[in-house]
Each structure stands twice: as C-alpha cells, then as structure tokens.
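Enquirer: Sending over a structure as structure tokens; questions will come in a sec.
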Amino acid sequence: MKKFFKILILLVIIVILSIITFLVYKKFIDKPKKEDYSELKKYLSDIYGRTFLIPEFDDINEADEDWLWENVNQYVWNHDDEYHDQNNQEYGYTYEDISKIVKILYGNNLKKKFPEGSVSMRYNSYRNLYGPTSFDVQFYYNYHIDGIKKSGNTYTVSLYDYVISLYFSYGDDENENDDFTIFNNYDYLINGDDGSTPIISVSSLKDKKFENILDQKDKLSHKILTIEYDEPTNLYHIVSCKYEETKPEEILSDIYYEMMESFEIYNIDYDRDEIYNSSEVLVENFDELSEIYTENSIDTYKKEMDLFVYKENGEVYVTAGDINVGEYLKRVDFKDIEESENKISCTAVRTFRESWDPFDEAYNKTYQKEDKFTIVKIDGKWYVDEFNYNNF
C-alpha cells in the first residue's frame with residue numbers, strides 16, 4: 001500500500017510539473033514574435049523627403065516631382081557604404097545607375113522616368129553623368145512614427161512630422177545651448193526661423209523633450225503612408241500618402257506660400273541678359289505664375305505685381321526693379337477663420353518691419369496690416385480668390 005501511495009504521489013508531481021512546463025512554454029516559448037520593422041523603417045528614411053516635404057498623393061505618378069527625384073539624391077547618401085566610391089566622384093553616376101535607384105525606391109508603380117539633367121542632382125551635360133548634391137544644413141524635415149499596421153504585404157504607417165532648424169545655433173549667444181529648434185511645418189513654411197513659434201528647443205536630439213515630441217501631436221502634422229512589400233525583390237515601395245487631421249491653417253499656409261512665391265523675382269522666367277539692353281523683357285511663364293489665382297483675384301495680382309507690363313496682345317513683360325515686400329514681412333497669422341467644403345476665408349494679419357536692414361534701428365520696429373484672405377476649391381484644387389500682398 002505504501003508503495004502504491006508513493007507511485008501516486010510521484011504521478012501527481014509529474015502531472016503538476018508538466019502543467020507548469022506547459023504554462024511556461026505558452027507564456028514565454030510560444031509567445032508570438034514581435035514584428036521586425038527595421039527594414040521598413042530604413043525604407044522610410046529613404047523616401048521621406050528631408051528637403052522637400054513628402055506630398056499627399058493616391059497615385060505615385062501624381063506625386064510632386066521635386067520630392068520624387070530628390071529622394072534619389074537622399075538614397076545614395078543614406079547608402080554611402082554601398083555608393084561611397086561614386087559619391088566621392090564629382091560625377092560618378094550614369095543615367096542607368098540613376099534609373100536603377102528609381103526602380104529600387106518606387107518599383108513598377110512609377111511610370112515616370114528620371115528627367116535627364118534633373119536639378120535634383122548635379123549634371124555634366126558633356127559627359128552625361130550625375131553627381132549627388134549636398135543637403136541644406138540649416139533646416140530639414142523630420143518625423144516620429146506613431147504606429148505601424150500590417151495586412152498581408154501592405155503596411156500602414158502613421159507618422160507625425162515637423163521642421164528641425166539649426167539656424168539659432170549659428171552665432172547666437174542667447175541660444176548657444178539649444179542647437180536644434182523644432183517648428184510646425186506650415187508655420188515655418190510662411191514665417192521661417194525669425195517669425196515662427198518654436199515647439200521645443202533642445203541641445204541634442206536624444207533629449208527627452210524631443211524623444212517625447214508625440215506628446216504634442218496637436219502642434220505637428222499627421223500623415224498616413226501606405227507601403228507595399230514586394231517579395232520577389234525583397235523591396236518596399238510607397239503607394240500613397242494621406243494627410244490626416246489637416247487644419248484650415250495648414251491649407252491657408254500652403255496657398256499663401258504659393259501666392260508669396262508668385263511675387264518672387266527668382267521665379268520669373270525671362271532673359272536676364274536682355275534686361276540690360278531693353279526696358280522691357282518678355283515673361284515666359286506668366287501663366288504658371290498666375291495659375292493660382294481665380295478670375296476674381298487675378299486683377300489684384302496684376303495690379304500689385306507692378307514690375308509687369310501687360311500688352312493688348314496678352315503678352316506680359318517685366319521691367320527692371322524689385323519686389324521686396326518679403327524682405328519687410330516678419331510674420332503672417334490667420335484669424336477669424338471660416339471654413340466650408342469648398343471655401344476658407346480669414347483675416348490675414350501681416351507683421352512688417354519698418355526696415356529690411358538688420359543693422360537699422362527700424363528693423364526691430366514693426367507695424368501690422370489686416371486683409372481679407374479667401375481661397376476656394378475648384379475641381380479638387382485650391383485657388384486664391386481674395387487677397388492683398390503689398391505693404392502700402
């Protein structure tokens with residue numbers, strides 16, 4: 001009988017140990033493996049534009065080409081271990097080399113070809129060779145990933161982005177301990193370093209305030225990227241980018257910036273040598289400059305762009321001179337915003353300096369002008385419908 005009880009007790013112990021072993025296995029050994037997104041994140045760093053903000057698109061072929069082709073330049077620097085020899089040459093890439101990189105980045109979804117002589121890379125027309133350009137060290141776009149979801153071979157990436165500026169780290173004693181200033185994208189777009197309101201300033205991008213910047217999502221821009229994984233090539237390719245929770249201020253800023261750009265001399269296409277020999281020179285791209293305006297606002301543009309002379313035959317000429325409103329403009333704010341499905345109106349509050357010269361006492365003296373600013377959406381695109389730009 002004693003022997004029976006010993007065997008019974010042994011069996012009970014064996015059963016208990018088996019149950020414990022099974023539970024431990026289920027909890028630790030059989031635990032689902034965490035998805036490894038390291039390669040996907042590397043791809044994100046290749047196609048998220050540091051120089052040109054990633055645009056909104058549903059079709060890669062409709063995406064902004066500045067962003068598309070600048071990513072080629074970004075890619076070769078990100079993979080310098082592979083392209084080191086070519087990067088160290090003044091012109092180390094053939095057109096075929098560039099085309100292969102385009103295929104790596106975008107796959108077969110992109111039907112466009114890299115434009116020969118593209119300004120996104122240095123180009124030697126005599127040798128038909130390309131070389132990478134350097135990046136602007138003063139500011140660049142950056143992002144924090146908020147989440148990644150996988151469905152088959154499709155990945156949905158949620159990220160928030162912003163501008164990192166090093167402007168204040170150069171020769172400014174007051175900010176000598178804060179080398180990196182983080183700005184909102186659309187605030188920085190129209191107001192730059194001097195006029196924008198910083199989100200945070202840090203001495204290192206390892207600072208906890210920067211690492212936890214997603215605590216301030218309301219000050220950042222939200223984007224959803226759809227990326228597909230191609231098993232045969234073991235490559236990722238972006239399919240779309242969707243702007244989420246877009247604020248009316250963001251749309252207003254984008255269109256206001258386009259309006260400001262239409263007044264800049266460097267955007268006018270004309271024969272710059274001819275201006276020394278003639279009082280008027282034909283503007284080659286007036287339609288492009290004015291395409292952002294509706295019929296309601298085009299007369300305002302023509303009136304305020306006073307370097308232009310308009311001929312009866314429809315041709316537009318530029319005269320010698322300058323439009324320097326932007327040099328006096330310190331900051332633009334929008335207030336009293338009213339939004340409907342196809343219209344956004346507001347009061348644009350423009351803060352001007354009394355002098356454009358930083359060494360002039362009047363440089364720090366400012367005054368404000370308030371004007372109605374209205375944009376309308378026609379066939380899915382926003383246009384300026386009401387504005388004033390000049391500071392008189």
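Please note that chains go A, B, ... in the order of the structure tokens, that every chain numbers its residues from 1, and that ligands are numbered from 1 in the order shown.
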Any idea what's packed within 12 Å of region 344-352 of chain A, counting only C-alpha atoms, ignoring anything in its chain fewer than 6 positions away? Could you give it as a JSON list (two decimals) with C-alpha atoms, in the first residue's frame?
Expert:
[["chain", "number", "residue", "atom", "x", "y", "z"],
["A", 190, "ILE", "CA", 5.50, 81.08, -44.43],
["A", 191, "ASN", "CA", 7.30, 82.55, -41.41],
["A", 194, "ASP", "CA", 12.65, 84.52, -37.34],
["A", 195, "GLY", "CA", 8.86, 84.59, -37.46],
["A", 247, "LYS", "CA", -6.21, 72.07, -40.07],
["A", 248, "PRO", "CA", -7.55, 75.01, -42.12],
["A", 249, "GLU", "CA", -4.43, 76.96, -41.07],
["A", 250, "GLU", "CA", -2.35, 74.34, -42.85],
["A", 251, "ILE", "CA", -4.25, 74.71, -46.12],
["A", 252, "LEU", "CA", -4.19, 78.51, -45.84],
["A", 253, "SER", "CA", -0.44, 78.48, -45.25],
["A", 255, "ILE", "CA", -1.75, 78.51, -50.60],
["A", 256, "TYR", "CA", -0.42, 81.71, -49.02],
["A", 324, "ASN", "CA", 10.84, 93.49, -51.84],
["A", 325, "VAL", "CA", 7.70, 93.04, -49.76],
["A", 326, "GLY", "CA", 9.03, 89.73, -48.48],
["A", 327, "GLU", "CA", 12.13, 91.41, -47.05],
["A", 328, "TYR", "CA", 9.96, 93.53, -44.75],
["A", 329, "LEU", "CA", 7.49, 90.79, -43.85],
["A", 330, "LYS", "CA", 8.21, 89.29, -40.42],
["A", 331, "ARG", "CA", 5.19, 87.11, -39.75],
["A", 332, "VAL", "CA", 1.78, 86.10, -41.12],
["A", 333, "ASP", "CA", -1.06, 84.93, -38.88],
["A", 334, "PHE", "CA", -4.60, 83.87, -39.70],
["A", 335, "LYS", "CA", -7.58, 84.77, -37.53],
["A", 336, "ASP", "CA", -11.38, 84.69, -37.76],
["A", 337, "ILE", "CA", -11.19, 81.57, -39.93],
["A", 338, "GLU", "CA", -14.42, 80.43, -41.56],
["A", 362, "ALA", "CA", 13.91, 100.47, -37.56],
["A", 363, "TYR", "CA", 14.46, 96.75, -38.21],
["A", 364, "ASN", "CA", 13.00, 95.86, -34.81],
["A", 365, "LYS", "CA", 10.11, 98.27, -35.16],
["A", 366, "THR", "CA", 7.00, 96.69, -36.63],
["A", 367, "TYR", "CA", 3.51, 97.51, -37.80],
["A", 368, "GLN", "CA", 0.58, 95.36, -38.87],
["A", 369, "LYS", "CA", -1.84, 95.19, -41.76],
["A", 370, "GLU", "CA", -5.01, 93.12, -41.79],
["A", 371, "ASP", "CA", -6.55, 91.99, -45.07],
["A", 372, "LYS", "CA", -9.18, 89.51, -46.15],
["A", 373, "PHE", "CA", -7.72, 86.28, -47.48],
["A", 374, "THR", "CA", -10.01, 83.79, -49.18],
["A", 375, "ILE", "CA", -9.28, 80.57, -51.01],
["A", 376, "VAL", "CA", -11.71, 78.39, -52.94],
["A", 377, "LYS", "CA", -11.56, 74.80, -54.14],
["A", 382, "TRP", "CA", -7.32, 75.35, -54.06],
["A", 383, "TYR", "CA", -7.03, 78.84, -55.57],
["A", 384, "VAL", "CA", -6.59, 82.34, -54.17],
["A", 385, "ASP", "CA", -9.88, 84.23, -54.54],
["A", 386, "GLU", "CA", -9.26, 87.36, -52.44],
["A", 387, "PHE", "CA", -6.04, 88.88, -51.08],
["A", 388, "ASN", "CA", -3.72, 91.83, -50.66],
["A", 389, "TYR", "CA", 0.04, 91.50, -50.62],
["A", 390, "ASN", "CA", 1.87, 94.80, -50.88],
["A", 391, "ASN", "CA", 2.62, 96.76, -47.68],
["A", 392, "PHE", "CA", 1.18, 100.10, -48.78]]
Enquirer: Neighbouring residues of Glu70 (chain A) were defined as those with any atom within 8 Å, considering only C-alpha atoms; residues of the same chain fewer than 3 positions away were excluded. Please report them as a PyMOL selection string.
Expert: chain A and resi 49+51-52+66-67+73-74+120-121
Enquirer: Can you list, as a VMD selection string, every residue of region 162-222 of chain A that DSSP puts in strand (DSSP E)?
Expert: chain A and resid 162 to 165 180 to 183 200 to 202 221 to 222
Enquirer: Output N, CA, C and O atoms for every residue in that selection, as a compact mmCIF listing (two decimals), in the first residue's frame.
Expert:
# COMPACT_ATOMS: atom_id res chain seq x y z
N TYR A 162 7.57 67.45 -38.74
CA TYR A 162 7.89 68.79 -38.26
C TYR A 162 9.18 69.25 -38.93
O TYR A 162 9.79 68.49 -39.71
N VAL A 163 9.60 70.47 -38.64
CA VAL A 163 10.85 71.01 -39.17
C VAL A 163 11.88 71.07 -38.05
O VAL A 163 11.57 71.50 -36.93
N ILE A 164 13.10 70.64 -38.35
CA ILE A 164 14.23 70.81 -37.44
C ILE A 164 15.12 71.90 -38.01
O ILE A 164 15.59 71.79 -39.15
N SER A 165 15.35 72.95 -37.26
CA SER A 165 16.19 74.06 -37.72
C SER A 165 17.43 74.18 -36.84
O SER A 165 17.36 74.04 -35.62
N PHE A 180 19.09 72.69 -31.70
CA PHE A 180 18.01 72.23 -32.56
C PHE A 180 16.70 72.87 -32.11
O PHE A 180 16.28 72.74 -30.97
N THR A 181 16.06 73.57 -33.06
CA THR A 181 14.76 74.18 -32.79
C THR A 181 13.72 73.48 -33.66
O THR A 181 13.90 73.36 -34.87
N ILE A 182 12.64 73.04 -33.03
CA ILE A 182 11.61 72.28 -33.73
C ILE A 182 10.41 73.18 -34.00
O ILE A 182 9.89 73.81 -33.08
N PHE A 183 10.00 73.22 -35.26
CA PHE A 183 8.89 74.07 -35.67
C PHE A 183 7.78 73.24 -36.31
O PHE A 183 8.02 72.15 -36.85
N ILE A 200 9.66 73.21 -29.53
CA ILE A 200 10.66 72.99 -28.48
C ILE A 200 12.03 73.37 -29.02
O ILE A 200 12.23 73.44 -30.24
N SER A 201 12.97 73.60 -28.12
CA SER A 201 14.37 73.81 -28.48
C SER A 201 15.20 72.90 -27.58
O SER A 201 14.99 72.86 -26.36
N VAL A 202 16.13 72.15 -28.18
CA VAL A 202 16.92 71.18 -27.42
C VAL A 202 18.38 71.25 -27.86
O VAL A 202 18.69 71.67 -28.98
N SER A 221 2.11 67.80 -37.83
CA SER A 221 1.30 67.40 -38.98
C SER A 221 1.25 65.87 -39.06
O SER A 221 2.28 65.21 -38.90
N HIS A 222 0.07 65.33 -39.32
CA HIS A 222 -0.15 63.89 -39.30
C HIS A 222 -0.28 63.35 -40.72
O HIS A 222 -1.01 63.91 -41.54
Enquirer: Of the candidates A:Lys219, A:Lys150, A:Lys42, A:His237, which shows the shortest atom-to-atom distance to His79 (chain A), using only C-alpha atoms?
Expert: A:Lys42
Enquirer: Enumerate the residues of region 141-390 of chain A with a DSSP assignment of helix (DSSP H, G or I), computed from the backbone, and present them as number ranges by chain.
Expert: A: 167-169, 173-175, 185-195, 208-211, 213-219, 248-261, 265-267, 274-276, 286-290, 298-304, 325-328, 361-364
Enquirer: Could you name the residues that touch region 88-100 of chain A at 10 Å or less, counting only C-alpha atoms, but leaving out those on the same chain fewer than 4 positions away, as a PyMOL selection string?
Expert: chain A and resi 69+72-73+76+80+83-84+104-105+107+113-117+121-124+127-133
Enquirer: Rounded to one decimal place, report the CA of Leu159 (chain A)-CA of Glu258 (chain A) distance in Å.
Expert: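 Going from CA of Leu159 (chain A) over to CA of Glu258 (chain A), I get 25.2 Å.
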Enquirer: What is the distance between CA of Tyr37 (chain A) and CA of Asp58 (chain A), in Å to one decimal?
Expert: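 So the two atoms, CA of Tyr37 (chain A) and CA of Asp58 (chain A), lie 23.3 Å apart.
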